[in-house]
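Enquirer: File name run02.txt; file contents compact mmCIF, C-alpha atoms; full text below.
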# COMPACT_ATOMS: atom_id res chain seq x y z
CA MET A 1 85.61 13.29 131.61
CA TRP A 2 82.74 13.62 134.04
CA SER A 3 83.34 11.92 137.38
CA SER A 4 80.85 10.28 139.69
CA ARG A 5 80.92 9.50 143.36
CA ALA A 6 78.66 7.56 145.69
CA SER A 7 76.35 9.70 147.85
CA GLY A 8 73.30 9.31 149.96
CA ASP A 9 70.99 8.79 146.93
CA GLY A 10 73.48 6.49 145.22
CA VAL A 11 75.09 8.89 142.69
CA SER A 12 76.74 12.31 143.17
CA ARG A 13 75.49 15.08 140.80
CA ARG A 14 78.62 17.23 141.19
CA GLY A 15 79.85 16.57 137.66
CA ASP A 16 76.60 15.36 136.11
CA PRO A 17 75.91 17.24 132.82
CA SER A 18 72.27 16.21 132.73
CA PRO A 19 69.39 18.68 133.42
CA GLU A 20 68.92 17.06 136.80
CA GLY A 21 72.56 17.70 137.65
CA LEU A 22 72.29 21.34 136.54
CA ARG A 23 69.22 21.88 138.69
CA TYR A 24 71.01 20.28 141.60
CA ARG A 25 73.99 22.64 141.31
CA LEU A 26 71.63 25.63 140.96
CA CYS A 27 69.84 24.67 144.16
CA VAL A 28 73.15 24.25 145.99
CA LEU A 29 74.26 27.67 144.76
CA CYS A 30 70.99 29.24 145.91
CA VAL A 31 71.32 27.65 149.32
CA ILE A 32 74.82 29.11 149.65
CA TRP A 33 74.12 32.52 148.08
CA ILE A 34 70.90 33.56 149.80
CA PRO A 35 72.28 33.41 153.38
CA VAL A 36 75.47 35.16 152.26
CA ALA A 37 73.50 37.92 150.52
CA GLN A 38 71.22 38.34 153.50
CA ALA A 39 74.23 38.58 155.81
CA PHE A 40 75.92 41.12 153.56
CA ARG A 41 72.84 43.31 153.01
CA PRO A 42 72.79 45.00 156.47
CA ALA A 43 76.39 46.12 155.97
CA VAL A 44 75.47 47.71 152.66
CA ALA A 45 72.40 49.39 154.09
CA ALA A 46 74.45 50.80 156.96
CA ALA A 47 76.55 52.91 154.57
CA GLN A 48 74.77 56.24 154.27
CA THR A 49 75.75 59.53 152.63
CA PRO A 50 76.75 62.41 154.94
CA GLU A 51 73.99 64.58 156.27
CA PRO A 52 73.79 68.16 154.88
CA THR A 53 75.27 70.81 157.16
CA VAL A 54 72.97 73.60 155.92
CA ARG A 55 69.25 73.62 155.15
CA VAL A 56 67.91 76.58 153.25
CA THR A 57 64.73 77.72 151.59
CA PHE A 58 64.61 78.49 147.89
CA ALA A 59 64.66 82.25 148.46
CA ASP A 60 67.58 81.99 150.88
CA ALA A 61 69.53 79.79 148.48
CA VAL A 62 69.20 82.35 145.70
CA ARG A 63 70.06 85.23 148.03
CA LEU A 64 73.08 83.52 149.56
CA ALA A 65 74.40 82.54 146.14
CA GLN A 66 74.23 86.16 145.00
CA GLU A 67 75.87 87.44 148.18
CA ARG A 68 78.57 84.83 148.82
CA ASN A 69 79.51 83.27 145.50
CA PRO A 70 83.10 84.22 144.54
CA THR A 71 82.07 84.69 140.91
CA VAL A 72 79.94 87.67 141.90
CA ALA A 73 82.81 89.07 143.96
CA ALA A 74 85.11 88.80 140.93
CA ALA A 75 82.59 90.67 138.78
CA ALA A 76 82.26 93.35 141.47
CA ALA A 77 86.04 93.80 141.36
CA ALA A 78 85.66 94.70 137.67
CA VAL A 79 83.33 97.54 138.71
CA LEU A 80 85.98 98.80 141.13
CA ARG A 81 88.55 98.72 138.35
CA ALA A 82 86.20 100.64 136.04
CA GLU A 83 85.74 103.26 138.76
CA GLY A 84 89.51 103.63 138.94
CA LEU A 85 89.68 104.16 135.18
CA VAL A 86 86.97 106.83 135.42
CA ARG A 87 88.99 108.70 138.03
CA GLN A 88 92.12 108.46 135.90
CA ALA A 89 90.31 109.85 132.86
CA ARG A 90 88.80 112.66 134.95
CA ALA A 91 92.17 113.54 136.50
CA ALA A 92 93.68 113.99 133.04
CA THR A 93 91.32 116.95 132.44
CA LEU A 94 91.97 118.73 135.77
CA VAL A 95 94.80 120.71 137.36
CA GLN A 96 98.10 118.91 137.93
CA LEU A 97 100.53 120.19 140.58
CA ALA A 98 104.17 119.16 140.91
CA ALA A 99 106.96 120.47 143.15
CA ASN A 100 110.66 120.30 142.32
CA ILE A 101 113.69 120.98 144.53
CA THR A 102 117.20 121.01 143.00
CA THR A 103 120.49 121.36 144.87
CA THR A 104 123.61 122.38 142.91
CA THR A 105 127.23 122.05 144.10
CA LEU A 106 130.06 123.47 141.95
CA ASN A 107 133.77 122.76 142.32
CA GLN A 108 134.21 126.44 143.16
CA SER A 109 132.14 129.60 143.25
CA ILE A 110 132.29 132.17 140.45
CA GLU A 111 133.26 135.73 141.45
CA PHE A 112 133.37 139.03 139.56
CA SER A 113 134.85 142.29 140.96
CA GLY A 114 134.73 140.92 144.47
CA PHE A 115 131.09 139.78 144.18
CA THR A 116 129.96 136.19 144.11
CA VAL A 117 128.10 135.73 140.82
CA THR A 118 127.38 132.00 141.21
CA PRO A 119 127.71 130.47 144.68
CA ARG A 120 129.29 127.08 145.07
CA ASN A 121 126.13 125.62 146.77
CA SER A 122 122.64 126.66 145.75
CA VAL A 123 119.10 125.41 146.13
CA THR A 124 116.34 125.98 143.56
CA ALA A 125 112.67 125.29 144.39
CA SER A 126 109.86 125.44 141.84
CA LEU A 127 106.16 124.65 141.63
CA THR A 128 104.49 123.63 138.37
CA ALA A 129 100.72 123.96 137.86
CA ALA A 130 99.44 122.57 134.56
CA MET A 131 95.90 122.35 133.23
CA PRO A 132 94.52 121.49 129.80
CA ILE A 133 92.41 124.29 128.38
CA VAL A 134 91.29 122.51 125.23
CA ALA A 135 91.48 118.68 125.39
CA ALA A 136 88.66 117.21 123.36
CA ALA A 137 90.17 113.71 123.24
CA ALA A 138 90.69 113.63 127.01
CA TRP A 139 87.13 114.79 127.61
CA ALA A 140 85.89 112.03 125.30
CA ARG A 141 87.93 109.41 127.16
CA ARG A 142 86.34 110.56 130.42
CA ALA A 143 82.84 109.98 129.03
CA GLN A 144 83.93 106.64 127.57
CA ALA A 145 85.27 105.53 130.96
CA GLN A 146 81.91 106.35 132.52
CA ASP A 147 80.21 104.18 129.89
CA ALA A 148 82.64 101.36 130.70
CA ARG A 149 81.73 101.66 134.37
CA GLY A 150 78.05 101.33 133.49
CA VAL A 151 78.81 98.24 131.41
CA ALA A 152 80.74 96.73 134.34
CA GLU A 153 77.80 97.35 136.69
CA LEU A 154 75.44 95.63 134.27
CA SER A 155 77.92 92.79 133.95
CA VAL A 156 77.70 92.30 137.71
CA ALA A 157 73.91 92.19 137.46
CA GLU A 158 74.15 89.58 134.70
CA THR A 159 76.62 87.52 136.75
CA ARG A 160 74.29 87.64 139.73
CA ARG A 161 71.45 86.44 137.51
CA GLN A 162 73.51 83.52 136.20
CA VAL A 163 74.59 82.50 139.71
CA ALA A 164 71.00 82.76 140.94
CA PHE A 165 69.78 80.58 138.07
CA ALA A 166 72.50 78.01 138.77
CA SER A 167 71.53 77.88 142.45
CA ALA A 168 67.86 77.50 141.50
CA ASP A 169 68.76 74.67 139.14
CA ALA A 170 70.71 72.89 141.90
CA TYR A 171 67.82 73.44 144.31
CA LEU A 172 65.33 71.87 141.90
CA THR A 173 67.71 68.98 141.29
CA ILE A 174 67.69 68.26 145.02
CA LEU A 175 63.90 68.19 145.03
CA VAL A 176 63.59 65.74 142.14
CA GLN A 177 66.41 63.52 143.43
CA ARG A 178 64.77 63.38 146.84
CA ARG A 179 61.50 62.36 145.21
CA ILE A 180 63.31 59.61 143.30
CA VAL A 181 64.97 58.43 146.51
CA GLU A 182 61.58 58.26 148.22
CA SER A 183 59.97 56.32 145.36
CA THR A 184 62.93 53.94 145.14
CA LEU A 185 62.87 53.43 148.90
CA ARG A 186 59.18 52.58 148.71
CA ALA A 187 59.84 50.14 145.87
CA ARG A 188 62.68 48.57 147.89
CA ASP A 189 60.43 48.10 150.91
CA VAL A 190 57.66 46.57 148.81
CA ALA A 191 60.15 44.22 147.15
CA LYS A 192 61.51 43.27 150.60
CA ALA A 193 58.01 42.45 151.82
CA HIS A 194 57.40 40.32 148.74
CA PHE A 195 60.70 38.52 149.26
CA ASP A 196 59.82 37.80 152.88
CA LEU A 197 56.49 36.37 151.76
CA ALA A 198 58.10 34.25 149.05
CA SER A 199 60.67 32.95 151.55
CA GLU A 200 57.92 32.12 154.06
CA LEU A 201 55.93 30.26 151.41
CA GLU A 202 59.05 28.35 150.45
CA ARG A 203 59.62 27.31 154.05
CA ARG A 204 56.00 26.16 154.29
CA GLY A 205 56.39 24.12 151.15
CA THR A 206 53.76 26.05 149.17
CA GLY A 207 56.28 28.19 147.29
CA SER A 208 59.37 27.58 145.18
CA ARG A 209 63.01 28.56 145.32
CA LEU A 210 62.63 30.20 141.89
CA ASN A 211 59.97 32.58 143.21
CA ALA A 212 62.19 33.46 146.16
CA LEU A 213 65.13 34.14 143.86
CA ARG A 214 63.04 36.35 141.59
CA ALA A 215 61.81 38.33 144.59
CA GLN A 216 65.32 38.69 145.96
CA GLN A 217 66.60 39.82 142.55
CA GLN A 218 63.99 42.57 142.50
CA TRP A 219 64.94 43.53 146.05
CA SER A 220 68.65 43.66 145.17
CA THR A 221 67.95 45.72 142.05
CA ASN A 222 66.02 48.27 144.07
CA GLU A 223 68.83 48.36 146.64
CA GLY A 224 71.29 49.31 143.90
CA LEU A 225 68.95 51.93 142.45
CA LEU A 226 68.42 53.36 145.93
CA GLU A 227 72.15 53.75 146.48
CA THR A 228 72.56 55.40 143.08
CA SER A 229 69.72 57.84 143.72
CA ARG A 230 71.12 58.70 147.16
CA LEU A 231 74.49 59.48 145.62
CA ALA A 232 72.82 61.70 142.99
CA LEU A 233 70.97 63.52 145.78
CA TYR A 234 74.20 64.05 147.71
CA ARG A 235 75.95 65.43 144.63
CA ALA A 236 73.12 67.90 144.07
CA GLN A 237 73.38 68.98 147.71
CA GLU A 238 77.13 69.47 147.32
CA ALA A 239 76.56 71.54 144.17
CA LEU A 240 74.15 73.81 146.04
CA GLY A 241 76.62 74.10 148.92
CA VAL A 242 79.34 75.26 146.52
CA LEU A 243 77.04 77.85 144.94
CA ILE A 244 76.06 79.40 148.28
CA ALA A 245 79.66 79.10 149.57
CA ALA A 246 78.66 76.80 152.44
CA ASP A 247 81.15 74.59 154.26
CA GLY A 248 79.49 71.36 153.21
CA PRO A 249 76.40 70.10 151.36
CA ALA A 250 73.20 72.14 151.55
CA ASP A 251 69.69 70.73 151.54
CA ALA A 252 66.41 72.12 150.22
CA ILE A 253 63.56 72.45 152.70
CA ASP A 254 60.66 73.96 150.76
CA GLU A 255 58.90 73.84 147.42
CA PRO A 256 59.38 77.03 145.33
CA ASP A 257 56.29 78.74 144.01
CA PHE A 258 56.88 80.07 140.51
CA SER A 259 54.07 82.48 139.72
CA VAL A 260 54.04 82.69 135.94
CA PRO A 261 52.60 85.93 134.48
CA PRO A 262 49.97 85.61 131.76
CA ALA A 263 51.02 85.67 128.13
CA SER A 264 49.31 89.03 127.67
CA GLU A 265 52.10 90.63 129.74
CA ASP A 266 54.91 89.34 127.54
CA PRO A 267 57.00 92.18 126.05
CA ALA A 268 57.11 92.83 122.34
CA PRO A 269 59.75 90.97 120.30
CA GLY A 270 63.16 92.62 120.73
CA ALA A 271 62.02 94.60 123.79
CA GLN A 272 62.97 92.94 127.07
CA PRO A 273 63.30 95.71 129.68
CA TYR A 274 63.82 93.29 132.57
CA ARG A 275 66.58 91.08 131.19
CA ALA A 276 70.03 91.92 132.53
CA ASP A 277 71.83 90.30 129.59
CA LEU A 278 69.98 92.41 127.02
CA ARG A 279 70.63 95.56 129.01
CA LEU A 280 74.30 94.58 129.11
CA PHE A 281 74.46 94.08 125.34
CA ALA A 282 72.62 97.36 124.74
CA ALA A 283 75.02 99.25 127.01
CA GLY A 284 77.98 97.68 125.23
CA GLN A 285 76.58 98.79 121.88
CA GLN A 286 76.02 102.35 123.13
CA ALA A 287 79.55 102.50 124.56
CA ALA A 288 81.05 101.32 121.25
CA GLU A 289 78.99 103.87 119.31
CA ARG A 290 80.19 106.68 121.60
CA VAL A 291 83.82 105.69 121.02
CA LEU A 292 83.21 105.75 117.26
CA ARG A 293 81.56 109.16 117.40
CA ASP A 294 84.47 110.55 119.41
CA SER A 295 86.99 109.53 116.75
CA SER A 296 86.83 113.00 115.21
CA ARG A 297 88.09 114.54 118.45
CA ASP A 298 91.45 112.90 117.92
CA TRP A 299 92.08 115.60 115.26
CA TRP A 300 91.19 118.51 117.51
CA PRO A 301 94.07 120.75 118.69
CA THR A 302 95.03 120.60 122.35
CA VAL A 303 95.94 123.66 124.43
CA ASP A 304 97.75 123.31 127.76
CA ALA A 305 98.55 126.10 130.23
CA THR A 306 101.44 125.89 132.70
CA PHE A 307 102.34 128.27 135.54
CA GLN A 308 105.74 127.79 137.18
CA PRO A 309 106.95 129.97 140.10
CA SER A 310 110.50 129.30 141.36
CA THR A 311 113.02 130.63 143.89
CA ILE A 312 116.77 130.22 144.34
CA TYR A 313 118.93 130.41 147.48
CA PRO A 314 121.25 132.13 148.00
CA ALA A 315 120.50 135.08 145.75
CA GLN A 316 122.76 135.51 142.75
CA LEU A 317 124.02 138.69 141.16
CA PHE A 318 122.50 138.44 137.69
CA VAL A 319 119.59 136.10 138.46
CA PRO A 320 116.40 137.16 140.30
CA GLN A 321 115.85 135.22 143.49
CA THR A 322 112.10 134.67 142.76
CA THR A 323 110.65 134.24 139.26
CA GLY A 324 107.37 133.12 137.73
CA ARG A 325 106.52 131.86 134.22
CA LEU A 326 103.19 131.31 132.46
CA LEU A 327 103.32 129.07 129.41
CA THR A 328 100.68 127.99 126.90
CA GLN A 329 101.32 125.17 124.48
CA THR A 330 99.15 124.36 121.46
CA THR A 331 99.47 121.05 119.61
CA ILE A 332 97.80 120.58 116.23
CA PRO A 333 97.83 117.08 114.66
CA LEU A 334 98.61 117.35 110.96
CA PHE A 335 99.71 113.97 109.63
CA ASP A 336 99.98 110.56 111.34
CA SER A 337 100.38 108.14 108.40
CA SER A 338 96.70 107.02 108.65
CA GLY A 339 97.07 105.92 112.26
CA ARG A 340 93.86 107.64 113.38
CA ALA A 341 92.00 106.42 110.30
CA ALA A 342 92.95 102.83 111.06
CA LEU A 343 91.82 103.30 114.67
CA ARG A 344 88.44 104.53 113.41
CA VAL A 345 88.06 101.41 111.25
CA GLU A 346 88.76 99.27 114.31
CA ARG A 347 86.15 101.16 116.31
CA GLN A 348 83.64 100.75 113.50
CA ALA A 349 84.21 97.00 113.61
CA ASP A 350 83.59 97.02 117.38
CA VAL A 351 80.28 98.79 116.81
CA GLU A 352 79.18 96.27 114.20
CA GLN A 353 80.05 93.37 116.51
CA ALA A 354 78.18 94.96 119.41
CA ARG A 355 75.11 95.50 117.24
CA ALA A 356 75.23 91.91 116.01
CA ARG A 357 75.52 90.56 119.57
CA PHE A 358 72.55 92.60 120.71
CA ALA A 359 70.46 91.57 117.69
CA VAL A 360 71.20 87.87 118.24
CA ALA A 361 70.48 88.14 121.96
CA ALA A 362 67.15 89.90 121.30
CA ILE A 363 66.07 87.22 118.81
CA GLU A 364 67.08 84.44 121.20
CA ALA A 365 65.26 86.13 124.08
CA SER A 366 61.99 86.24 122.14
CA SER A 367 62.45 82.62 121.12
CA GLU A 368 63.14 81.61 124.72
CA VAL A 369 59.90 83.21 125.88
CA ARG A 370 57.84 81.40 123.25
CA ALA A 371 59.57 78.07 123.86
CA ALA A 372 59.18 78.43 127.62
CA ARG A 373 55.46 79.14 127.25
CA GLN A 374 55.03 75.97 125.24
CA ALA A 375 57.18 74.01 127.71
CA VAL A 376 54.99 75.14 130.62
CA ALA A 377 51.80 74.14 128.82
CA SER A 378 53.26 70.80 127.76
CA GLY A 379 54.68 70.18 131.22
CA GLU A 380 51.31 70.70 132.86
CA ARG A 381 49.71 68.12 130.58
CA THR A 382 52.61 65.69 131.01
CA MET A 383 52.56 65.99 134.79
CA ALA A 384 48.82 65.33 134.94
CA ALA A 385 49.22 62.21 132.81
CA ALA A 386 52.27 61.01 134.76
CA ARG A 387 50.54 61.44 138.11
CA GLY A 388 47.55 59.49 136.85
CA ALA A 389 49.79 56.72 135.53
CA ALA A 390 51.66 56.54 138.85
CA GLU A 391 48.45 56.30 140.83
CA GLU A 392 47.13 53.60 138.51
CA ALA A 393 50.41 51.66 138.73
CA ARG A 394 50.28 51.74 142.52
CA GLN A 395 46.72 50.41 142.45
CA VAL A 396 47.78 47.62 140.08
CA GLU A 397 50.66 46.80 142.41
CA THR A 398 48.37 46.62 145.43
CA ILE A 399 45.80 44.44 143.67
CA THR A 400 48.50 42.14 142.32
CA ASN A 401 50.04 41.67 145.77
CA VAL A 402 46.63 40.84 147.23
CA SER A 403 45.95 38.43 144.38
CA PHE A 404 49.32 36.75 144.87
CA ARG A 405 48.62 36.18 148.55
CA ALA A 406 45.28 34.69 147.55
CA GLY A 407 46.93 32.51 144.90
CA ALA A 408 45.26 34.28 141.95
CA ALA A 409 48.45 35.91 140.58
CA THR A 410 51.92 34.64 139.79
CA ASN A 411 55.22 35.79 141.17
CA ILE A 412 56.20 37.24 137.80
CA GLU A 413 53.06 39.38 137.72
CA VAL A 414 53.91 40.77 141.16
CA ILE A 415 57.47 41.65 140.14
CA ASP A 416 56.26 43.23 136.91
CA ALA A 417 53.70 45.31 138.82
CA GLN A 418 56.38 46.45 141.29
CA ARG A 419 58.74 47.44 138.50
CA SER A 420 55.98 49.33 136.69
CA ALA A 421 54.99 51.18 139.87
CA ARG A 422 58.61 52.16 140.52
CA ASP A 423 59.09 53.41 136.96
CA ALA A 424 55.78 55.28 137.06
CA ASP A 425 56.78 57.06 140.29
CA ALA A 426 60.10 58.03 138.74
CA ALA A 427 58.32 59.30 135.62
CA ALA A 428 55.94 61.37 137.75
CA ALA A 429 58.85 62.88 139.67
CA THR A 430 60.60 63.69 136.40
CA ALA A 431 57.45 65.30 134.98
CA GLU A 432 57.06 67.49 138.07
CA ASP A 433 60.70 68.52 137.81
CA GLN A 434 60.32 69.37 134.12
CA LEU A 435 57.30 71.56 134.88
CA ARG A 436 59.14 73.40 137.66
CA ARG A 437 62.11 73.97 135.40
CA ALA A 438 59.89 75.14 132.55
CA ARG A 439 58.31 77.74 134.81
CA LEU A 440 61.72 78.83 136.07
CA GLU A 441 63.02 79.14 132.51
CA LEU A 442 59.98 81.21 131.56
CA LEU A 443 60.58 83.64 134.43
CA ASN A 444 64.24 83.79 133.46
CA ALA A 445 63.40 84.41 129.81
CA LEU A 446 61.07 87.25 130.83
CA GLY A 447 63.78 88.75 133.05
CA ARG A 448 61.66 88.29 136.17
CA PHE A 449 64.08 85.97 137.96
CA PRO A 450 65.54 86.49 140.45
So that I can check it, write out the structure of this file as structure tokens.
Expert:
Amino acid sequence: MWSSRASGDGVSRRGDPSPEGLRYRLCVLCVIWIPVAQAFRPAVAAAQTPEPTVRVTFADAVRLAQERNPTVAAAAAAVLRAEGLVRQARAATLVQLAANITTTTLNQSIEFSGFTVTPRNSVTASLTAAMPIVAAAAWARRAQAQDARGVAELSVAETRRQVAFASADAYLTILVQRRIVESTLRARDVAKAHFDLASELERRGTGSRLNALRAQQQWSTNEGLLETSRLALYRAQEALGVLIAADGPADAIDEPDFSVPPASEDPAPGAQPYRADLRLFAAGQQAAERVLRDSSRDWWPTVDATFQPSTIYPAQLFVPQTTGRLLTQTTIPLFDSSGRAALRVERQADVEQARARFAVAAIEASSEVRAARQAVASGERTMAAARGAAEEARQVETITNVSFRAGAATNIEVIDAQRSARDADAAAATAEDQLRRARLELLNALGRFP
């Protein structure tokens, strides 16, 4: 049941379900909400994201990422490991020296005709020098280890390229997010000015509460978008700080200049001499092919020579005090139950996989170059159109604001013009970012970045 109560105009509209009662409650709500929102807004605006601790240029960001990023350090450790494997393989084909000292204590000495044949305590010292004379498999493993070291070095180069591209992507993200923050801030300020005007007109009696509410809604919307864009900018700065191993967010301070080479300088399909990933795949294929070719050396005989001088103290009756032995040992593999044949099949499979990886990478590289060329051309046209649309939207916004002040435009037209100008600025910033990224991707596809 709706209740009624006497008031200054005779009837209270607190529980009145009529349109007049609804309008009355809406006005009361507006009177309460607007001062509260205006009082709360400074507290919201006071909350700002932390300032970046480092400001770098584009070139410095790429360089620092390649020098400091732990991912590059981990890849460099793989090169060190490969160098250790090369030394191990080389050592297996060179001279090996080993010394041996043996002390012997018997329960009693052995005597014959008054002479001590075997003393109770004796010391025997020997030196063993061994060297392979014929070791085809060991020689092959040494060459294979050198190939593995080359692959590890190319892997480091590919890792550095990936880290550099990631840092460039984060850098460009900062630029576009900053542009969006600036356009949103401008839209917020314009909406605030329109709200102030609508509030002033309402106080003068020439405006309406509805116009003031619409203006404040637009202002509040832009405040929320501004906070969201600032957070996105801060996250991009944090991402760049992580990539360059900085102790905090990093900011971008310049606009990169991507000089794109003409299409006439593009390499032939399948031939990308500058791309680190293709060089890595090619080196992996060559290393696998070498291992397959060396499979026949597993059947070669091996010949090892050993020289072993020794001495014993004290001297014994029937044993020379100093002796020397030269040994040669030849090992010929005859039958291994198809173990070496199975290993050759495995190596053949590795070669086929390496060839397939290189072929796929070469096809993708050529496709990336063509797609990047088209993206650059399309991005240039899109950016020109977006900039024109943004400029036109700003002019429409200015004219609409002037017309509203003169009474020739409505409040809705002003808000629509502000929203269109904000969206057009964001679209222009996005188009510029897409063009920058298209140029970066083209340089990356050509192997000319970094």
Enquirer: Record the distance separating CA of Val369 in chain A and CA of Asn444 in chain A, expressed in Å with one decimal.
Expert: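 These atoms are spaced 8.8 Å apart.
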Enquirer: For Gln329 in chain A, which residue out of A:Pro261, A:Gly379, A:Pro301, A:Gly447 is the nearest one, using all atoms listed in the file?
Expert: A:Pro301
Enquirer: List the spatial neighbours of range 55-61 of chain A as a list in words - criterion: any atom at most 9 Å away, only C-alpha atoms, same-chain residues fewer than 4 positions off excluded.
Expert: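 Skipping anything fewer than 4 positions along the chain leaves Ala65, Gln66, Ala164, Ser167, Ala168, Tyr171, Leu172, Leu240, Leu243, Ile244, Pro249, Ala250, Asp251, Ala252, Ile253, Asp254, Glu255 and Pro256 of chain A.
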Enquirer: Kindly give the distance, in Å, that separates CA of Arg381 in chain A and CA of Val260 in chain A, rounded to a single decimal.
Expert: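 Going from CA of Arg381 in chain A over to CA of Val260 in chain A covers 16.1 Å.
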Enquirer: With range 210-222 of chain A as the partner and 8 Å as the cut-off, tabulate the residues of range 157-191 of chain A that qualify, each row holding the nearest pair of atoms and their distance in Å to one decimal, using all atoms listed in the file, sorted by chain and rising number, as a Markdown table.
Expert:
| residue | atom | partner | partner_atom | distance |
| --- | --- | --- | --- | --- |
| A:Thr184 | CA | A:Asn222 | CA | 6.5 |
| A:Leu185 | CA | A:Asn222 | CA | 7.7 |
| A:Ala187 | CA | A:Asn222 | CA | 6.7 |
| A:Arg188 | CA | A:Asn222 | CA | 5.1 |
| A:Ala191 | CA | A:Trp219 | CA | 5.0 |
Enquirer: Counting only C-alpha atoms, figure out which residue out of A:Thr93, A:Thr322, A:Ala75, A:Ala157 gets nearest to Ser126 in chain A.
Expert: A:Thr322
Enquirer: Kindly give the distance, in Å, that separates CA of Leu85 in chain A and CA of Val291 in chain A, rounded to a single decimal.
Expert: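 We find that CA of Leu85 in chain A and CA of Val291 in chain A lie 15.4 Å from each other.
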Enquirer: Residues at most 10 Å from Ala92 in chain A, counting all atoms listed in the file, excluding those fewer than 6 positions away in the same chain, as a PyMOL selection string?
Expert: chain A and resi 131-132+135+138-139+141-142
Enquirer: Could you check the closest approach to Arg357 in chain A for each of A:Val319, A:Ala375, A:Leu225, A:Leu280 and tell me which residue wins, using all atoms listed in the file?
Expert: A:Leu280
Enquirer: Would you mind listing what lies within 8 Å of Arg297 in chain A as a PyMOL selection string, with all atoms listed in the file counted and same-chain residues fewer than 5 positions away left out?
Expert: chain A and resi 136-137+140
Enquirer: Which is closer to Ala125 in chain A than all the others in A:Gly84, A:Gly284, A:Ile312, A:Ala91, using all atoms listed in the file?
Expert: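 Distance minimum relative to Ala125 in chain A lands on A:Ile312.
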Enquirer: Kindly indicate which residue among A:Ala408, A:Ala362, A:Val117, A:Ala426 lies nearest to Ala390 in chain A, using only C-alpha atoms for the distances.
Expert: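 Counting only C-alpha atoms, the residue closest to Ala390 in chain A is A:Ala426.
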Enquirer: My list of candidates is A:Leu327, A:Ala282, A:Val156, A:Leu226. Which is closest to Ala74 in chain A when distances are computed with all atoms listed in the file?
Expert: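 Closest to Ala74 in chain A of all the choices is A:Val156.
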Enquirer: Can you pull out every residue within 10 Å of Arg437 in chain A, counting only C-alpha atoms, but drop anything in the same chain fewer than 3 positions away, and send it as a ChimeraX atom specification?
Expert: /A:168-169,172-173,258,372,375-376,379,431-434,440-443
Enquirer: For the selection you just gave me, I'd like the residues written to a file as a PDB file, in the coordinates of the input, keeping C-alpha atoms.
Expert:
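So the final result, stored in again23.pdb, reads:
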ATOM      1  CA  ALA A 168      67.860  77.500 141.500  1.00  0.00           C
ATOM      2  CA  ASP A 169      68.760  74.670 139.140  1.00  0.00           C
ATOM      3  CA  LEU A 172      65.330  71.870 141.900  1.00  0.00           C
ATOM      4  CA  THR A 173      67.710  68.980 141.290  1.00  0.00           C
ATOM      5  CA  PHE A 258      56.880  80.070 140.510  1.00  0.00           C
ATOM      6  CA  ALA A 372      59.180  78.430 127.620  1.00  0.00           C
ATOM      7  CA  ALA A 375      57.180  74.010 127.710  1.00  0.00           C
ATOM      8  CA  VAL A 376      54.990  75.140 130.620  1.00  0.00           C
ATOM      9  CA  GLY A 379      54.680  70.180 131.220  1.00  0.00           C
ATOM     10  CA  ALA A 431      57.450  65.300 134.980  1.00  0.00           C
ATOM     11  CA  GLU A 432      57.060  67.490 138.070  1.00  0.00           C
ATOM     12  CA  ASP A 433      60.700  68.520 137.810  1.00  0.00           C
ATOM     13  CA  GLN A 434      60.320  69.370 134.120  1.00  0.00           C
ATOM     14  CA  LEU A 440      61.720  78.830 136.070  1.00  0.00           C
ATOM     15  CA  GLU A 441      63.020  79.140 132.510  1.00  0.00           C
ATOM     16  CA  LEU A 442      59.980  81.210 131.560  1.00  0.00           C
ATOM     17  CA  LEU A 443      60.580  83.640 134.430  1.00  0.00           C
TER      18      LEU A 443
END
Enquirer: Using only C-alpha atoms and a cutoff of 10 Å, can you tell me which residues are near (122.4, 136.5, 141.7) in the file's coordinates, and write them out as a list in words?
Expert: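 The distance filter leaves exactly Phe115, Thr116, Val117, Thr118, Pro119, Ile312, Tyr313, Pro314, Ala315, Gln316, Leu317, Phe318, Val319, Pro320 and Gln321 of chain A.
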Enquirer: Give me, as a tab-separated table (two decimals) with C-alpha atoms, keeping the file's coordinate frame, all polymer residues having an atom no more than 10 Å from Ala82 in chain A, counting all atoms listed in the file and skipping those fewer than 2 positions away in the same chain.
Expert:
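Done, and the output landed in selection.tsv:
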chain	number	residue	atom	x	y	z
A	76	ALA	CA	82.26	93.35	141.47
A	77	ALA	CA	86.04	93.80	141.36
A	78	ALA	CA	85.66	94.70	137.67
A	79	VAL	CA	83.33	97.54	138.71
A	80	LEU	CA	85.98	98.80	141.13
A	84	GLY	CA	89.51	103.63	138.94
A	85	LEU	CA	89.68	104.16	135.18
A	86	VAL	CA	86.97	106.83	135.42
A	87	ARG	CA	88.99	108.70	138.03
A	88	GLN	CA	92.12	108.46	135.90
A	145	ALA	CA	85.27	105.53	130.96
A	146	GLN	CA	81.91	106.35	132.52
A	147	ASP	CA	80.21	104.18	129.89
A	148	ALA	CA	82.64	101.36	130.70
A	149	ARG	CA	81.73	101.66	134.37
A	150	GLY	CA	78.05	101.33	133.49
A	151	VAL	CA	78.81	98.24	131.41
A	152	ALA	CA	80.74	96.73	134.34
A	153	GLU	CA	77.80	97.35	136.69
